Each structure stands twice: as C-alpha cells, then as structure tokens.
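Undergrad: This is the structure I have questions about; it appears just below.
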Amino acid sequence: MAITAPLLWFDGTLVESRMATIPLMGHAPQRGSLVFDVGSFHRARGGVALFRAREHVARFVRSARIVGLALPFDEDALVRAAVDVVAACKRDDGLVRWSVYFAANEPDLLPRDGTTHVAVAAQLLEDPPRMKPIRIAVFDDARKASPSALSPEAKVAAAYLGPMLARRRAVAAGADDVVLLDDDGNIAEAPIANVFAVTNGTLRTPPLGRVLPGITRDAVLALALAEGIPVREEPLTRDAFVTADEAFLTSTSLPIAPIGTIDGRALGTAEAPGPMTSRLAARLAAAQHGEDDAFAAWLTPVAR
Ligand code: PMP
C-alpha cells in the first residue's frame, strides 16, 4: 500500500494533496481516461535520486498522446516536478506518480473541452518490497485486451479494469496474482508487471507489441546484457512458463518479485528466488542506489 505525500505538484505549483480532487462527472472517473505513470526514488550516493525518471516521463507523454490528452508541460518540466515533490516529501524512498486528465466536469464520450490538468505526487510505501515468492494463477480466459482494441503502450486507467477482475479471481483461487495471456494464448504480462522466465540459463520475456514497455523490464534486460546472461525477447508459451527453472515479475513498485508457484506447482528451482532472479535483483538494487557506475545515468539526483 502507498500513502500520498502531503504536498503534490498541480499544474505547476505545490499544493496540499487533499485539495486535489477530481469532478464526479469528469471524463476520468466516468470513462477511465486518466493517463498516468509511476516511477520510483531511492537513497543514493548520500542523497536521494529518481530512477529512470526521463524514461517514465517519455512513456507518460506517449500514453497521453495515444489517449488524446494534451500535455501543457514538456518532459523537462515533468521531471523537475517529480524532483520537487520528492524533495518536499523528505523521504528516502517511494514512488512518484504523474497523472493527466480532462479538466471538464462532463462525461461526454468525446469531450468537447480538451483542457487538461496535470498532477505529480510522491507516494510513500507502507511496507517496503521484499523478495517473498508469490503464487501465480493463469486462466485460459483471462487475457490482455487485444492491441487492436487498446494499445498496450497506453497507461490509461480504463486499461486496468479487466486485469483487476482477473487478479480478484486469482486471489479468490488462493493465488497472489494473475498472469494474463495474449490473443494467441501465449504469456503476456501480469496486471501491473512484466513477466520473465529462466530456462537453462537463458532469460526469456514476451516481446513488446503486446505488453507495456516496462521500464524495469528494460532495466533487467540491460543488466542481464551487462552480466553476460543470454536474453531472448520472444513469445513465451504457457507451457514454457510453467516448466521454467525460475520466473519473476518486474515493475517499478516490486521491483523484482520471484514466482514461487504457478497454478499451485513449484517451478524447477526448488526454492524461489532462484540464483538468476537473486543476481538480477541485487544488480538492479545496486543501480537504483547509485552503487553501479555503469548505470549512473539512470539516476536524477534530488537536491534537499
Ligand atoms: N505492465 C503493466 C500493464 C503495468 O501497469 C506496469 C507498471 N507500470 C508494468 C507492466 C511494469 O512497468 P514498469 O516496470 O515501468 O513499472
């Protein structure tokens, strides 16, 4: 669970978070058109730094463009806004969430007024992520929206409803989370995380085009390359997933969650996290905390 910091950035100024509300008849709640992105910040090099903020902002801008939301701030301003809210929250680690939505108090399917509001908030995690193995369920009929129905690149609120219902079903079946299939019945992604499998020392993940271009996914691929681990971005069959030696989820808030069981069956490695999962998680943590010079460019320092 995450708590919003007391101050957030709203259309260019810091305001009290509890004052930032959305109109009930607005397009965001009535149609789910709010676009967002979530990054993270960490203790690093004696201070605090945002992790891959420029990539999160670039994806935020792309999502807004897909949904047709005008962004009246450029990418530099959106990174600076994140630096400002993180500096104001006086914490060493947490999440930062960019949002853009139609301002008008009207739910017409095609809004007449295209004016938008932009907010950037720091969110503080109540329990820090742990490497606790999770139980995954996979259902034949729990699938990602087809890319022809909605681009998987758009981080828009409405895209999360189907995945939310699928997770609820997984939890009711005794699992922690669900992995959704794509149109062809191959592994796509979890509701808010990408999926990796390890087979015979090779790291495998479904290709882009049907899944969100996760920034942690991208970081893990770059770190694997640096570690000399063979990597394959190619369709991952359900069979290859359930028979993998190791598997894990990646997302900004996890950032790596080892998978212990899939549909009640343990993976090839007796104990999750397996060795490759642990190795990549350690390298990612080092990069996030400024302890890996090769990836220092991923950090944006926050002056306090
Ligand atoms: N897939 C989906 C659908 C997501 O919402 C997220 C979370 N942003 C991810 C994957 C993981 O992306 P990231 O590593 O950038 O957090």
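Residues are named by chain letter and number: chains run A, B, ... in the order of the structure tokens, numbers start at 1 in each chain, and ligands are numbered from 1 in the order shown.
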Got a sec: who's within 6 Å of A:Phe196, counting only C-alpha atoms, leaving out chain neighbours fewer than 2 positions off, as a list in words?
TA: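 Everything that qualifies: Arg204, Thr205, Ala247 and Phe248 of chain A.
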Undergrad: Please dump the current selection as a tab-separated table (two decimals), in the first residue's frame; keep N, CA, C and O atoms.
TA:
chain	number	residue	atom	x	y	z
A	204	ARG	N	14.16	-15.18	-20.52
A	204	ARG	CA	13.17	-15.01	-21.60
A	204	ARG	C	12.04	-14.12	-21.14
A	204	ARG	O	11.59	-14.21	-19.99
A	205	THR	N	11.56	-13.26	-22.04
A	205	THR	CA	10.42	-12.40	-21.73
A	205	THR	C	9.62	-12.16	-23.00
A	205	THR	O	10.21	-12.09	-24.09
A	247	ALA	N	11.15	-17.97	-12.47
A	247	ALA	CA	10.33	-16.94	-13.12
A	247	ALA	C	10.14	-15.81	-12.13
A	247	ALA	O	10.20	-16.02	-10.91
A	248	PHE	N	9.96	-14.61	-12.67
A	248	PHE	CA	9.73	-13.47	-11.79
A	248	PHE	C	8.95	-12.38	-12.51
A	248	PHE	O	8.87	-12.37	-13.75
Undergrad: Give the alpha helix (DSSP H) residues of stretch 32-254 of chain A, as DSSP finds them on the backbone, and put them as a ChimeraX atom specification.
TA: /A:53-67,75-89,161-172,215-227,238-242
Undergrad: Residues up to 7 Å from ligand 1, counting only C-alpha atoms and all ligand atoms: could you list those as a list in words?
TA: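 After applying the 7 Å limit, what remains is Asp37, Val38, Gly39, Lys155, Glu189, Ala190, Pro191, Ile192, Ala193, Asn194, Val211, Leu212, Pro213, Gly214, Ile215, Thr216, Arg217, Thr250, Ser251, Thr252 and Ser253 of chain A.
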Undergrad: Just the selected residues (N, CA and C atoms), exported as a PDB file, in the first residue's frame, please.
TA:
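Once written, part_15.pdb looks like this:
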ATOM      1  N   ASP A  37       1.696   7.560 -14.977  1.00  0.00           N
ATOM      2  CA  ASP A  37       2.904   6.733 -14.983  1.00  0.00           C
ATOM      3  C   ASP A  37       3.450   6.739 -13.562  1.00  0.00           C
ATOM      4  N   VAL A  38       4.179   5.694 -13.210  1.00  0.00           N
ATOM      5  CA  VAL A  38       4.697   5.569 -11.843  1.00  0.00           C
ATOM      6  C   VAL A  38       6.196   5.282 -11.887  1.00  0.00           C
ATOM      7  N   GLY A  39       6.974   6.165 -11.283  1.00  0.00           N
ATOM      8  CA  GLY A  39       8.415   5.964 -11.168  1.00  0.00           C
ATOM      9  C   GLY A  39       8.774   5.744  -9.707  1.00  0.00           C
ATOM     10  N   LYS A 155      -0.730   3.758 -20.672  1.00  0.00           N
ATOM     11  CA  LYS A 155      -1.011   3.558 -19.239  1.00  0.00           C
ATOM     12  C   LYS A 155      -2.205   4.449 -18.906  1.00  0.00           C
ATOM     13  N   GLU A 189       1.473 -10.545 -19.715  1.00  0.00           N
ATOM     14  CA  GLU A 189       2.040  -9.880 -18.539  1.00  0.00           C
ATOM     15  C   GLU A 189       1.054  -9.986 -17.389  1.00  0.00           C
ATOM     16  N   ALA A 190       1.491  -9.598 -16.202  1.00  0.00           N
ATOM     17  CA  ALA A 190       0.614  -9.525 -15.031  1.00  0.00           C
ATOM     18  C   ALA A 190      -0.146  -8.189 -15.115  1.00  0.00           C
ATOM     19  N   PRO A 191      -1.140  -7.957 -14.260  1.00  0.00           N
ATOM     20  CA  PRO A 191      -1.913  -6.710 -14.356  1.00  0.00           C
ATOM     21  C   PRO A 191      -1.051  -5.460 -14.308  1.00  0.00           C
ATOM     22  N   ILE A 192      -0.029  -5.455 -13.441  1.00  0.00           N
ATOM     23  CA  ILE A 192       0.826  -4.261 -13.352  1.00  0.00           C
ATOM     24  C   ILE A 192       2.305  -4.646 -13.315  1.00  0.00           C
ATOM     25  N   ALA A 193       2.670  -5.687 -14.038  1.00  0.00           N
ATOM     26  CA  ALA A 193       4.080  -6.107 -14.047  1.00  0.00           C
ATOM     27  C   ALA A 193       4.369  -6.928 -15.293  1.00  0.00           C
ATOM     28  N   ASN A 194       5.614  -6.884 -15.743  1.00  0.00           N
ATOM     29  CA  ASN A 194       6.068  -7.748 -16.840  1.00  0.00           C
ATOM     30  C   ASN A 194       6.527  -9.088 -16.281  1.00  0.00           C
ATOM     31  N   VAL A 211       2.631  -6.068 -24.774  1.00  0.00           N
ATOM     32  CA  VAL A 211       2.771  -5.797 -23.332  1.00  0.00           C
ATOM     33  C   VAL A 211       3.248  -4.363 -23.157  1.00  0.00           C
ATOM     34  N   LEU A 212       3.060  -3.840 -21.947  1.00  0.00           N
ATOM     35  CA  LEU A 212       3.573  -2.497 -21.663  1.00  0.00           C
ATOM     36  C   LEU A 212       5.102  -2.531 -21.720  1.00  0.00           C
ATOM     37  N   PRO A 213       5.714  -1.532 -22.374  1.00  0.00           N
ATOM     38  CA  PRO A 213       7.180  -1.453 -22.334  1.00  0.00           C
ATOM     39  C   PRO A 213       7.619  -1.050 -20.930  1.00  0.00           C
ATOM     40  N   GLY A 214       7.727  -2.024 -20.068  1.00  0.00           N
ATOM     41  CA  GLY A 214       8.067  -1.767 -18.661  1.00  0.00           C
ATOM     42  C   GLY A 214       9.484  -1.221 -18.562  1.00  0.00           C
ATOM     43  N   ILE A 215       9.655  -0.254 -17.689  1.00  0.00           N
ATOM     44  CA  ILE A 215      10.977   0.348 -17.533  1.00  0.00           C
ATOM     45  C   ILE A 215      11.860  -0.559 -16.683  1.00  0.00           C
ATOM     46  N   THR A 216      11.259  -1.295 -15.758  1.00  0.00           N
ATOM     47  CA  THR A 216      12.032  -2.293 -15.018  1.00  0.00           C
ATOM     48  C   THR A 216      12.404  -3.446 -15.956  1.00  0.00           C
ATOM     49  N   ARG A 217      11.480  -3.819 -16.836  1.00  0.00           N
ATOM     50  CA  ARG A 217      11.773  -4.854 -17.847  1.00  0.00           C
ATOM     51  C   ARG A 217      13.006  -4.446 -18.640  1.00  0.00           C
ATOM     52  N   THR A 250       8.400  -8.116 -12.938  1.00  0.00           N
ATOM     53  CA  THR A 250       9.119  -6.852 -12.756  1.00  0.00           C
ATOM     54  C   THR A 250       8.148  -5.683 -12.838  1.00  0.00           C
ATOM     55  N   SER A 251       8.302  -4.724 -11.952  1.00  0.00           N
ATOM     56  CA  SER A 251       7.598  -3.449 -12.060  1.00  0.00           C
ATOM     57  C   SER A 251       8.252  -2.481 -11.092  1.00  0.00           C
ATOM     58  N   THR A 252       8.000  -1.205 -11.325  1.00  0.00           N
ATOM     59  CA  THR A 252       8.624  -0.170 -10.512  1.00  0.00           C
ATOM     60  C   THR A 252       8.412  -0.416  -9.025  1.00  0.00           C
ATOM     61  N   SER A 253       7.213  -0.833  -8.630  1.00  0.00           N
ATOM     62  CA  SER A 253       6.938  -0.946  -7.197  1.00  0.00           C
ATOM     63  C   SER A 253       7.428  -2.264  -6.599  1.00  0.00           C
TER      64      SER A 253
END
Undergrad: Using only C-alpha atoms, which residue out of A:Met19, A:Val35, A:Ala281, A:Val138 lies closest to A:Thr116?
TA: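 Result for the nearest residue to A:Thr116: A:Val35.
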Undergrad: Nearest to A:Ala285: which of A:Phe51, A:Trp98, A:Phe36, A:Phe10 is it, counting only C-alpha atoms?
TA: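 Ranked by minimum distance to A:Ala285, first place goes to A:Phe51.
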